[in-house]
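S.K.: The file below is work-v4.csv, CSV, C-alpha atoms:
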chain,number,residue,atom,x,y,z
G,276,MET,CA,4.8,-132.5,60.2
G,277,ILE,CA,6.3,-129.1,59.7
G,278,ARG,CA,5.4,-127.5,56.4
G,279,LYS,CA,7.0,-124.5,55.0
G,280,HIS,CA,4.6,-122.2,53.2
G,281,LEU,CA,5.9,-119.9,50.4
G,282,TYR,CA,3.9,-117.1,49.1
G,283,GLY,CA,1.3,-118.4,46.7
G,284,ASP,CA,1.5,-122.0,47.9
G,285,TYR,CA,-1.4,-124.1,48.9
G,286,GLY,CA,-1.8,-123.2,52.6
G,287,ASP,CA,-0.7,-119.7,52.2
G,288,ARG,CA,-4.0,-119.0,50.5
G,289,GLU,CA,-5.9,-120.8,53.1
G,290,ALA,CA,-4.2,-118.8,55.8
G,291,ALA,CA,-5.4,-115.7,53.9
G,292,GLY,CA,-8.9,-117.0,53.6
G,293,GLY,CA,-8.7,-119.0,50.4
G,294,GLN,CA,-10.6,-122.3,49.7
G,295,GLU,CA,-12.8,-121.5,52.7
G,296,THR,CA,-16.3,-120.1,52.3
G,297,ASN,CA,-16.8,-118.2,55.5
G,298,ARG,CA,-13.6,-117.0,57.0
G,299,ASN,CA,-13.9,-113.3,56.7
G,300,THR,CA,-14.6,-111.4,59.9
G,301,ALA,CA,-16.7,-108.2,59.9
G,302,SER,CA,-13.6,-106.1,60.0
G,303,GLU,CA,-11.7,-107.8,57.2
G,304,TRP,CA,-12.5,-107.5,53.5
G,305,PRO,CA,-12.2,-110.6,51.3
G,306,LEU,CA,-9.0,-111.3,49.4
G,307,TRP,CA,-9.0,-111.0,45.6
G,308,GLU,CA,-6.5,-112.2,43.0
G,309,VAL,CA,-5.6,-109.6,40.3
G,310,PHE,CA,-4.8,-110.4,36.7
G,311,ILE,CA,-3.5,-107.6,34.4
G,312,ARG,CA,-3.3,-107.6,30.6
G,313,SER,CA,-0.4,-105.4,29.8
G,314,LYS,CA,-1.4,-104.7,26.2
G,315,ALA,CA,-4.1,-105.7,23.8
G,316,GLY,CA,-3.5,-109.3,22.4
G,317,LEU,CA,-1.5,-110.5,25.4
G,318,ASP,CA,-2.8,-112.8,28.2
G,319,HIS,CA,-3.9,-111.5,31.6
G,320,LYS,CA,-1.1,-112.3,34.0
G,321,HIS,CA,-1.3,-112.8,37.8
G,322,ALA,CA,-0.2,-109.5,39.3
G,323,GLY,CA,-0.8,-110.0,43.0
G,324,SER,CA,-3.7,-109.9,45.5
G,325,LEU,CA,-5.5,-107.3,47.5
G,326,HIS,CA,-8.5,-106.7,49.8
G,327,ALA,CA,-11.8,-105.3,48.7
G,328,ALA,CA,-15.4,-105.3,49.8
G,329,ASP,CA,-16.8,-106.2,46.4
G,330,ALA,CA,-15.8,-106.9,42.8
G,331,GLN,CA,-16.2,-103.3,41.7
G,332,MET,CA,-14.0,-102.1,44.5
G,333,ALA,CA,-11.5,-104.9,43.8
G,334,ILE,CA,-11.2,-103.7,40.2
G,335,GLU,CA,-10.7,-100.1,41.3
G,336,ASN,CA,-8.2,-101.0,44.0
G,337,ALA,CA,-6.3,-103.1,41.4
G,338,ARG,CA,-6.3,-100.1,39.1
G,339,ASP,CA,-4.9,-97.9,41.9
G,340,VAL,CA,-2.4,-100.5,43.2
G,341,TYR,CA,-1.2,-102.3,40.1
G,342,THR,CA,-1.6,-100.0,37.1
G,343,ARG,CA,0.0,-96.8,38.5
G,344,ARG,CA,2.9,-97.1,36.1
G,345,MET,CA,1.0,-97.9,32.9
G,346,GLU,CA,1.2,-101.7,33.5
G,347,GLY,CA,-2.2,-102.5,32.1
G,348,VAL,CA,-5.1,-102.0,29.7
G,349,SER,CA,-7.4,-104.6,31.3
G,350,ILE,CA,-8.0,-106.0,34.7
G,351,TRP,CA,-9.6,-109.3,35.9
G,352,VAL,CA,-10.3,-110.0,39.6
G,353,VAL,CA,-11.4,-113.2,41.2
G,354,GLU,CA,-12.0,-113.8,44.9
G,355,SER,CA,-9.1,-115.8,46.2
G,356,LYS,CA,-11.4,-118.4,47.8
G,357,TYR,CA,-12.4,-119.5,44.3
G,358,ILE,CA,-8.8,-120.4,43.4
G,359,HIS,CA,-8.0,-124.0,43.9
G,360,ALA,CA,-4.3,-124.9,44.1
G,361,SER,CA,-2.3,-128.1,44.0
G,362,ASP,CA,-0.7,-129.3,47.2
G,363,PRO,CA,3.1,-128.9,47.3
G,364,ALA,CA,3.2,-132.3,49.2
G,365,ASP,CA,2.0,-133.9,46.0
G,366,ALA,CA,4.8,-132.3,43.9
G,367,GLU,CA,6.7,-135.6,43.6
G,368,MET,CA,3.9,-137.6,42.1
G,369,LEU,CA,2.5,-134.7,40.1
G,370,TYR,CA,5.6,-133.2,38.5
G,371,GLU,CA,8.6,-135.5,38.8
G,372,PRO,CA,7.4,-138.2,36.4
G,373,ALA,CA,7.7,-135.7,33.6
G,374,ASN,CA,11.5,-135.3,34.2
G,375,ASP,CA,12.6,-138.3,32.1
G,376,LYS,CA,10.1,-137.8,29.3
G,377,ILE,CA,12.2,-135.4,27.3
G,378,TYR,CA,10.7,-136.8,24.1
G,379,ARG,CA,7.7,-134.7,24.9
G,380,HIS,CA,9.7,-131.6,24.0
G,381,PRO,CA,9.5,-131.0,20.2
G,382,THR,CA,13.3,-131.0,19.9
G,383,PHE,CA,13.6,-134.3,17.9
G,384,TYR,CA,12.1,-133.0,14.8
G,385,ASN,CA,14.4,-131.9,12.0
G,386,LEU,CA,13.3,-128.6,10.8
G,387,PRO,CA,13.6,-127.6,7.2
G,388,GLU,CA,16.3,-125.1,6.4
G,389,GLU,CA,13.9,-122.5,5.1
G,390,LEU,CA,11.9,-122.5,8.4
G,391,LYS,CA,13.0,-119.6,10.5
G,392,HIS,CA,12.1,-118.3,13.9
G,393,MET,CA,11.3,-121.6,15.7
C,533,MET,CA,-4.6,-51.6,34.3
C,534,ASN,CA,-6.1,-54.2,32.1
C,535,VAL,CA,-9.2,-55.6,33.8
C,536,SER,CA,-9.8,-58.6,31.5
C,537,THR,CA,-6.2,-59.9,31.7
C,538,ASN,CA,-6.5,-59.7,35.5
C,539,GLN,CA,-9.7,-61.6,35.5
C,540,LEU,CA,-8.2,-64.4,33.4
C,541,LEU,CA,-5.3,-64.6,35.9
C,542,HIS,CA,-7.8,-64.7,38.9
C,543,TYR,CA,-9.9,-67.3,37.1
C,544,THR,CA,-6.8,-69.5,36.5
C,545,LEU,CA,-5.8,-69.1,40.2
C,546,GLN,CA,-9.3,-70.0,41.4
C,547,ILE,CA,-9.1,-73.3,39.6
C,548,ALA,CA,-5.5,-73.9,40.6
C,549,ASP,CA,-6.0,-73.1,44.3
C,550,ASN,CA,-9.0,-75.5,44.5
C,551,ALA,CA,-6.8,-78.2,43.0
C,552,LEU,CA,-3.8,-77.5,45.2
C,553,ILE,CA,-5.6,-77.2,48.5
C,554,ASN,CA,-7.9,-80.2,47.8
C,555,GLY,CA,-4.8,-82.2,46.7
C,556,HIS,CA,-2.9,-81.3,49.9
C,557,ARG,CA,-5.9,-82.2,52.1
C,558,LEU,CA,-6.1,-85.6,50.5
C,559,SER,CA,-2.4,-86.1,50.7
C,560,GLU,CA,-2.7,-85.9,54.5
C,561,TRP,CA,-4.2,-89.4,54.3
C,562,CYS,CA,-1.0,-90.8,52.9
C,563,GLY,CA,0.1,-93.5,55.3
C,564,HIS,CA,-3.0,-93.2,57.4
C,565,GLY,CA,-5.7,-94.8,55.2
C,566,PRO,CA,-8.0,-97.4,56.7
C,567,VAL,CA,-6.6,-100.0,54.4
C,568,LEU,CA,-3.6,-100.0,52.2
C,569,GLU,CA,-5.5,-100.1,48.9
C,570,GLN,CA,-7.6,-97.1,49.8
C,571,ASP,CA,-4.5,-95.3,51.1
C,572,ILE,CA,-3.0,-95.7,47.7
C,573,ALA,CA,-6.2,-94.7,45.9
C,574,LEU,CA,-6.3,-91.4,47.8
C,575,SER,CA,-2.6,-90.7,47.2
C,576,ASN,CA,-3.2,-91.3,43.5
C,577,ILE,CA,-6.2,-88.9,43.6
C,578,ALA,CA,-4.2,-86.3,45.6
C,579,LEU,CA,-1.4,-86.5,42.9
C,580,ASP,CA,-4.0,-86.0,40.2
C,581,HIS,CA,-5.0,-82.7,41.8
C,582,LEU,CA,-1.4,-81.6,42.4
C,583,GLY,CA,-0.7,-82.3,38.7
C,584,GLN,CA,-3.7,-80.2,37.6
C,585,ALA,CA,-2.6,-77.4,40.0
C,586,ARG,CA,0.9,-77.4,38.4
C,587,SER,CA,-0.4,-77.0,34.9
C,588,LEU,CA,-2.6,-74.2,36.0
C,589,TYR,CA,0.0,-72.4,38.1
C,590,GLN,CA,2.4,-72.6,35.2
C,591,TYR,CA,-0.2,-70.9,33.0
C,592,ALA,CA,-0.9,-68.3,35.7
C,593,ALA,CA,2.8,-67.5,36.0
C,594,ASP,CA,3.1,-67.0,32.2
C,595,GLN,CA,0.2,-64.6,32.3
C,596,PHE,CA,1.6,-62.8,35.3
C,597,ASN,CA,5.1,-62.4,33.9
C,598,SER,CA,3.7,-60.7,30.8
C,599,PHE,CA,2.2,-57.9,32.9
C,600,ASP,CA,4.1,-54.6,33.6
C,601,THR,CA,5.4,-53.9,37.1
C,602,GLU,CA,2.6,-51.6,38.1
C,603,GLN,CA,0.0,-54.2,37.2
C,604,LYS,CA,2.0,-56.9,39.0
C,605,LEU,CA,2.2,-55.0,42.2
C,606,GLY,CA,-1.5,-54.4,42.3
C,607,LEU,CA,-2.4,-58.1,42.2
C,608,PHE,CA,-1.3,-59.7,45.4
C,609,ALA,CA,-0.9,-58.6,49.0
C,610,SER,CA,1.9,-61.1,49.9
C,611,PRO,CA,5.2,-59.5,51.0
C,612,ALA,CA,7.3,-62.4,49.8
C,613,LEU,CA,5.9,-62.2,46.3
C,614,GLU,CA,6.2,-58.4,46.3
C,615,GLN,CA,9.9,-58.7,47.1
C,616,LYS,CA,10.4,-60.9,44.1
C,617,ILE,CA,8.4,-58.6,41.8
C,618,GLN,CA,10.3,-55.5,43.0
C,619,ALA,CA,13.6,-57.2,42.4
C,620,GLY,CA,12.4,-57.7,38.8
C,621,GLU,CA,12.3,-61.5,39.0
C,622,LEU,CA,9.9,-63.6,37.0
C,623,LEU,CA,7.5,-65.8,38.9
C,624,ASP,CA,7.1,-69.6,38.4
C,625,GLU,CA,4.5,-72.2,39.6
C,626,ASP,CA,6.3,-72.7,42.9
C,627,ASP,CA,6.2,-69.0,43.8
C,628,LEU,CA,2.5,-68.9,43.3
C,629,ALA,CA,2.0,-72.0,45.5
C,630,TYR,CA,4.5,-71.2,48.2
C,631,LEU,CA,4.9,-67.4,48.5
C,632,ARG,CA,1.3,-66.3,48.5
C,633,ASP,CA,-0.4,-65.7,51.9
C,634,GLY,CA,-3.8,-66.9,52.8
C,635,TRP,CA,-5.8,-63.8,51.7
C,636,ASP,CA,-4.3,-64.3,48.2
C,637,PHE,CA,-5.7,-67.8,47.9
C,638,ARG,CA,-9.0,-68.1,46.0
C,639,ASN,CA,-10.0,-71.7,46.7
C,640,VAL,CA,-13.5,-72.4,47.9
C,641,LEU,CA,-13.9,-73.0,51.7
C,642,LEU,CA,-15.1,-76.5,51.1
C,643,VAL,CA,-11.7,-77.9,50.0
C,644,GLU,CA,-9.8,-76.5,53.0
C,645,GLN,CA,-12.2,-78.2,55.5
C,646,PRO,CA,-10.4,-80.9,57.6
C,647,ASN,CA,-10.4,-84.6,56.8
C,648,ASN,CA,-11.8,-85.5,60.3
C,649,ASP,CA,-12.6,-89.1,59.5
C,650,TRP,CA,-13.3,-91.2,56.4
C,651,ALA,CA,-16.9,-90.1,56.2
C,652,TYR,CA,-16.1,-86.4,56.2
C,653,THR,CA,-13.3,-86.9,53.6
C,654,VAL,CA,-15.7,-88.9,51.4
C,655,ALA,CA,-18.4,-86.3,51.7
C,656,ARG,CA,-16.1,-83.4,50.9
C,657,SER,CA,-14.6,-85.3,48.0
C,658,PHE,CA,-18.0,-86.2,46.6
C,659,PHE,CA,-19.2,-82.6,46.7
C,660,PHE,CA,-16.1,-81.3,45.1
C,661,ASP,CA,-15.7,-84.1,42.5
C,662,THR,CA,-19.3,-83.6,41.3
C,663,TYR,CA,-18.6,-79.9,40.8
C,664,ASN,CA,-15.2,-80.6,39.2
C,665,PHE,CA,-16.7,-83.1,36.8
C,666,PHE,CA,-19.3,-80.7,35.4
C,667,PHE,CA,-16.9,-77.7,35.6
C,668,PHE,CA,-14.1,-79.4,33.6
C,669,SER,CA,-16.7,-80.9,31.1
C,670,ALA,CA,-17.9,-77.3,30.4
C,671,LEU,CA,-14.4,-75.8,30.5
C,672,GLN,CA,-13.4,-78.0,27.6
C,673,GLN,CA,-15.3,-75.6,25.4
C,674,SER,CA,-13.4,-72.6,26.7
C,675,LYS,CA,-12.3,-70.0,24.1
C,676,ASP,CA,-9.0,-70.0,26.0
C,677,GLU,CA,-7.0,-72.8,24.4
C,678,THR,CA,-4.8,-73.5,27.4
C,679,LEU,CA,-7.7,-73.8,29.8
C,680,ALA,CA,-9.6,-76.0,27.3
C,681,ALA,CA,-6.6,-78.3,27.0
C,682,ILE,CA,-6.0,-78.6,30.8
C,683,ALA,CA,-9.8,-79.3,31.2
C,684,ALA,CA,-9.7,-82.1,28.6
C,685,LYS,CA,-6.8,-83.7,30.3
C,686,SER,CA,-8.1,-83.3,33.8
C,687,LEU,CA,-11.6,-84.5,33.0
C,688,LYS,CA,-10.3,-88.1,32.6
C,689,GLU,CA,-8.9,-88.0,36.1
C,690,VAL,CA,-11.8,-86.2,37.6
C,691,SER,CA,-14.3,-88.7,36.1
C,692,TYR,CA,-12.5,-91.4,38.1
C,693,HIS,CA,-12.5,-89.3,41.3
C,694,LEU,CA,-16.3,-88.9,41.0
C,695,LYS,CA,-16.8,-92.6,40.4
C,696,TRP,CA,-14.6,-93.3,43.5
C,697,SER,CA,-16.4,-90.8,45.8
C,698,SER,CA,-19.9,-91.6,44.6
C,699,GLU,CA,-19.4,-95.3,45.2
C,700,TRP,CA,-18.1,-94.6,48.7
C,701,ILE,CA,-21.2,-92.4,49.4
C,702,ILE,CA,-23.4,-95.3,48.4
C,703,ARG,CA,-21.3,-97.9,50.3
C,704,LEU,CA,-21.4,-95.9,53.5
C,705,GLY,CA,-25.0,-94.6,53.2
C,706,ASP,CA,-26.4,-98.0,52.2
C,707,GLY,CA,-24.1,-99.8,54.6
C,708,THR,CA,-24.4,-100.4,58.3
C,709,GLU,CA,-26.3,-98.3,60.8
C,710,GLU,CA,-23.0,-96.8,62.0
C,711,SER,CA,-21.7,-96.0,58.6
C,712,LYS,CA,-25.0,-94.4,57.5
C,713,MET,CA,-25.1,-92.3,60.7
C,714,ARG,CA,-21.6,-91.1,60.1
C,715,ILE,CA,-21.8,-90.2,56.4
C,716,GLN,CA,-25.1,-88.4,57.0
C,717,LYS,CA,-23.6,-86.4,59.7
C,718,ALA,CA,-20.6,-85.5,57.5
C,719,ILE,CA,-22.9,-84.5,54.7
C,720,ASN,CA,-25.0,-82.3,56.9
C,721,ASP,CA,-21.9,-80.6,58.5
C,722,TYR,CA,-20.2,-79.8,55.2
C,723,TRP,CA,-23.4,-79.0,53.3
C,724,MET,CA,-23.1,-75.2,54.1
C,725,PHE,CA,-19.9,-75.1,52.1
C,726,THR,CA,-21.4,-76.5,48.9
C,727,GLY,CA,-23.2,-73.3,47.8
C,728,GLU,CA,-20.0,-71.4,47.2
C,729,LEU,CA,-18.9,-73.9,44.5
C,730,THR,CA,-21.6,-72.6,42.1
C,731,THR,CA,-22.1,-69.0,43.3
C,732,ALA,CA,-20.6,-66.7,40.7
C,733,ASN,CA,-18.3,-63.9,41.7
C,734,GLU,CA,-17.2,-61.0,39.4
C,735,THR,CA,-14.4,-63.1,37.9
C,736,ASP,CA,-16.8,-66.0,37.1
C,737,ARG,CA,-19.3,-63.7,35.5
C,738,SER,CA,-16.8,-61.8,33.4
C,739,MET,CA,-15.1,-65.0,32.2
C,740,ASN,CA,-18.4,-66.6,31.4
C,741,GLU,CA,-19.5,-63.6,29.4
C,742,SER,CA,-16.3,-63.7,27.3
C,743,GLY,CA,-16.6,-67.4,26.6
C,744,VAL,CA,-13.5,-68.3,28.6
C,745,GLY,CA,-15.3,-69.5,31.7
C,746,VAL,CA,-18.3,-71.6,32.3
C,747,ASP,CA,-21.9,-70.9,33.3
C,748,LEU,CA,-22.1,-71.8,37.0
C,749,ASN,CA,-25.9,-71.8,37.0
C,750,ALA,CA,-25.9,-74.7,34.6
C,751,ILE,CA,-23.4,-76.4,36.8
C,752,ALA,CA,-25.4,-75.8,39.9
C,753,HIS,CA,-28.4,-77.5,38.2
C,754,ASN,CA,-26.3,-80.6,37.2
C,755,TRP,CA,-24.6,-80.7,40.6
C,756,LYS,CA,-27.9,-80.8,42.4
C,757,GLU,CA,-29.3,-83.5,40.1
C,758,ARG,CA,-26.3,-85.8,40.4
C,759,VAL,CA,-26.0,-85.4,44.2
C,760,THR,CA,-29.8,-86.1,44.6
C,761,ALA,CA,-29.5,-89.2,42.5
C,762,VAL,CA,-26.5,-90.6,44.4
C,763,PHE,CA,-28.1,-89.8,47.8
C,764,ARG,CA,-31.2,-91.6,46.7
C,765,GLU,CA,-29.2,-94.7,45.8
C,766,ALA,CA,-27.3,-94.4,49.1
C,767,THR,CA,-30.6,-94.0,51.0
C,768,LEU,CA,-29.4,-90.8,52.4
C,769,THR,CA,-31.4,-87.7,53.2
C,770,MET,CA,-30.8,-84.5,51.3
C,771,PRO,CA,-30.0,-81.7,53.8
C,772,ALA,CA,-32.6,-78.9,54.1
C,773,GLU,CA,-32.0,-75.6,52.3
C,774,THR,CA,-29.8,-73.6,54.5
C,775,TRP,CA,-27.7,-70.4,54.6
C,776,MET,CA,-24.5,-71.0,52.7
C,777,GLN,CA,-21.0,-70.0,53.8
C,778,GLU,CA,-18.8,-68.2,51.3
C,779,GLY,CA,-15.6,-66.1,51.2
C,780,GLY,CA,-12.9,-68.4,49.9
C,781,LYS,CA,-13.1,-67.1,46.3
C,782,LYS,CA,-12.4,-63.6,47.5
C,783,GLY,CA,-9.6,-64.6,49.9
C,784,VAL,CA,-11.7,-64.7,53.2
C,785,HIS,CA,-10.9,-68.2,54.5
C,786,THR,CA,-11.7,-70.4,57.5
C,787,GLU,CA,-9.0,-70.9,60.1
C,788,TYR,CA,-8.0,-74.2,58.5
C,789,LEU,CA,-6.3,-72.7,55.4
C,790,GLY,CA,-3.7,-71.0,57.6
C,791,TYR,CA,-2.6,-74.3,59.1
C,792,ILE,CA,-2.5,-75.9,55.6
C,793,LEU,CA,-0.3,-73.1,54.3
C,794,ALA,CA,1.9,-73.2,57.4
C,795,GLU,CA,2.7,-76.8,56.8
C,796,MET,CA,2.9,-76.6,53.0
C,797,GLN,CA,4.9,-73.4,52.7
C,798,PHE,CA,7.2,-73.8,55.7
C,799,MET,CA,10.2,-75.3,53.8
C,800,GLN,CA,10.2,-72.7,51.0
C,801,ARG,CA,9.8,-69.8,53.4
C,802,ALA,CA,12.5,-71.0,55.8
C,803,TYR,CA,14.9,-72.1,53.1
C,804,PRO,CA,14.1,-70.0,50.0
C,805,ASN,CA,14.7,-71.7,46.6
C,806,MET,CA,15.5,-75.0,48.3
C,807,GLU,CA,15.1,-78.0,45.9
C,808,TRP,CA,15.1,-81.7,46.6
As structure tokens, please, write out the structure in this file.
M.R.:
Amino acid sequence: MIRKHLYGDYGDREAAGGQETNRNTASEWPLWEVFIRSKAGLDHKHAGSLHAADAQMAIENARDVYTRRMEGVSIWVVESKYIHASDPADAEMLYEPANDKIYRHPTFYNLPEELKHM
Amino acid sequence: MNVSTNQLLHYTLQIADNALINGHRLSEWCGHGPVLEQDIALSNIALDHLGQARSLYQYAADQFNSFDTEQKLGLFASPALEQKIQAGELLDEDDLAYLRDGWDFRNVLLVEQPNNDWAYTVARSFFFDTYNFFFFSALQQSKDETLAAIAAKSLKEVSYHLKWSSEWIIRLGDGTEESKMRIQKAINDYWMFTGELTTANETDRSMNESGVGVDLNAIAHNWKERVTAVFREATLTMPAETWMQEGGKKGVHTEYLGYILAEMQFMQRAYPNMEW
């Protein structure tokens, strides 16, 4: 079966060393996922990935690669191998059943007039 | 001729030239780093140094422009600058960076030493960053408001530089047999350029006495203490006391500065006032 891998898909990560415990060769640093909080109070968002020898270096590399233009005030890093992703081949059974369950959206409630900003 | 105003200008240029030449050296890694992430880290650090150099050259140019012509002509021995001064033109930051010849540069010999390989670059950076960290910490208390402000701004950048280079010293020293051998060799080879950082010349002494500059003896003490601590953690050996090279602060440089200036100044010399 031919499978097309997109960036960030299951499989792409495996090719990059994810979900495997011992893939890194001596000449290759582990891959890390970087999450950046753009300002206090907001969530950390996935910004991308990078290579680093240890967690401290990963944070500093993330600082240098992803916050050069004032993008962040806080950084999380996690080694990519600890991220577990859903399989795109399972997409049909996982996500399609939600398609006809529109009643799960809170659009059937009548909002009182005086309630703004919803 | 006013001696103390000259000393302030020389002092400003000493700090500026260290920043410019060190920044230029680090910028040579751009596109050649061992991994993309460290390539960007070094480019960022190089830009920090160039930014510091710009602020300092702007301040130096302001000082220079306030002198009378006779005083101006006695300060530099670079024909390209002399031409401008004689034509009655004011100088700016670019003139100071691009139109001075090697003997008018006052950077320490350490920062012009070649990158060679990653270990040599890390060793040179660590020696300079340690000095810079304590230097700018102290310079924040300068009686000269402009220098104090530049120091306060630069210290944030320099603190990160020192963290970066200290961690690399430890990583390489306490790493593999090969990395340890190479960083120790780089440290030993560049050790003789470290003394000049904290050896006071006439400018340093007079600026320290007037409360504008810093006490290099105190910095020498802090420098040694920090370097010893990082080497201990990196399981590296402190080089033996040795004769120290100096000359950069009075314009006597190693051959390497000439090559840096040739590359850095070429465009402005060949196409004066060119902008891009």
S.K.: Would you mind listing, for every residue of range 340-391 of chain G within 12 Å of range 324-327 of chain G, the two atoms forming the shortest contact and the distance between them in Å to one decimal, using all atoms listed in the file, sorted by chain and ascending residue number, as a Markdown table?
M.R.:
| residue | atom | partner | partner_atom | distance |
| --- | --- | --- | --- | --- |
| G:Val340 | CA | G:Leu325 | CA | 8.6 |
| G:Tyr341 | CA | G:Ser324 | CA | 9.7 |
| G:Trp351 | CA | G:Ser324 | CA | 11.3 |
| G:Val352 | CA | G:Ser324 | CA | 8.9 |
| G:Val353 | CA | G:Ser324 | CA | 9.4 |
| G:Glu354 | CA | G:Ser324 | CA | 9.2 |
| G:Ser355 | CA | G:Ser324 | CA | 8.0 |
| G:Lys356 | CA | G:Ser324 | CA | 11.7 |
| G:Ile358 | CA | G:Ser324 | CA | 11.9 |
S.K.: Have a look at C:His785, C:Lys695, C:Arg764, C:His556 and name the one nearest to chain G; count only C-alpha atoms.
M.R.: C:Lys695
S.K.: Could you jot down the CA of Thr544 in chain C to CA of Ser686 in chain C separation for me, Å, one decimal place?
M.R.: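 The value is 14.1 Å.
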S.K.: Please identify every residue of chain G that has at least one atom no more than 12 Å from any atom of chain C, counting all atoms listed in the file, and report them as JSON, numbers by chain.
M.R.: {"G": [301, 302, 303, 304, 306, 307, 324, 325, 326, 327, 328, 329, 331, 332, 333, 334, 335, 336, 337, 338, 339, 340, 341, 342, 343, 344]}
S.K.: Rounded to one decimal in Å, what is the spacing between CA of Glu371 in chain G and CA of Tyr384 in chain G?
M.R.: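 One can read the CA of Glu371 in chain G to CA of Tyr384 in chain G distance as 24.4 Å.
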S.K.: Any idea what the distance is between CA of Asn749 in chain C and CA of Phe665 in chain C?
M.R.: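 Straight-line distance from CA of Asn749 in chain C to CA of Phe665 in chain C works out to 14.6 Å.
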S.K.: Restricting the calculation to only C-alpha atoms, which member of C:Lys781, C:Ser598, C:Glu757, C:Glu728 is positioned closest to Gln546 in chain C?
M.R.: C:Lys781
S.K.: Write out as a PyMOL selection string the residues lying within 9 Å of Ala578 in chain C, counting all atoms listed in the file and excluding same-chain residues fewer than 3 positions away.
M.R.: chain C and resi 551-552+554-559+573-575+581-583
S.K.: Just checking: using only C-alpha atoms, which residue out of C:Met796, C:Val744, C:Met806, C:Tyr791 ends up closest to Ser536 in chain C?
M.R.: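 Using only C-alpha atoms, the shortest distance to Ser536 in chain C belongs to C:Val744.
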S.K.: In file coordinates, which residues lie within 10 Å of (-16.6, -78.6, 33.3) using only C-alpha atoms, given as a VMD selection string?
M.R.: chain C and resid 662 to 674 680 683 to 684 686 to 687 690 745 to 748 751
S.K.: If you count all atoms listed in the file, which residues fall within 12 Å of Lys616 in chain C, apart from same-chain ones fewer than 2 positions away, as a list of chain:residue names?
M.R.: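 These residues fall inside the cut-off: C:Asn597, C:Thr601, C:Lys604, C:Leu605, C:Phe608, C:Ser610, C:Pro611, C:Ala612, C:Leu613, C:Glu614, C:Gln618, C:Ala619, C:Gly620, C:Glu621, C:Leu622, C:Leu623, C:Asp624, C:Asp627, C:Leu628, C:Leu631, C:Arg632, C:Pro804, C:Asn805.
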S.K.: Neighbours of Arg656 in chain C within 8 Å (only C-alpha atoms; same-chain residues fewer than 5 positions away dropped), as a ChimeraX atom specification?
M.R.: /C:642-643,645,719,722
S.K.: Pick out the closest residue to Gln539 in chain C from this set: C:Ala750, C:Ala794, C:Ile715, C:Leu607. Count all atoms listed in the file.
M.R.: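 The shortest atom-to-atom distance to Gln539 in chain C comes from C:Leu607.
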S.K.: List every protein, DNA or RNA residue with an atom no more than 8 Å from (-25.3, -91.6, 53.5) in the file's coordinates, counting only C-alpha atoms, and format the result as a list of chain:residue names.
M.R.: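 Residues close enough to count: C:Ile701, C:Ile702, C:Leu704, C:Gly705, C:Asp706, C:Ser711, C:Lys712, C:Met713, C:Arg714, C:Ile715, C:Gln716, C:Ile719, C:Phe763, C:Ala766, C:Thr767, C:Leu768, C:Thr769.
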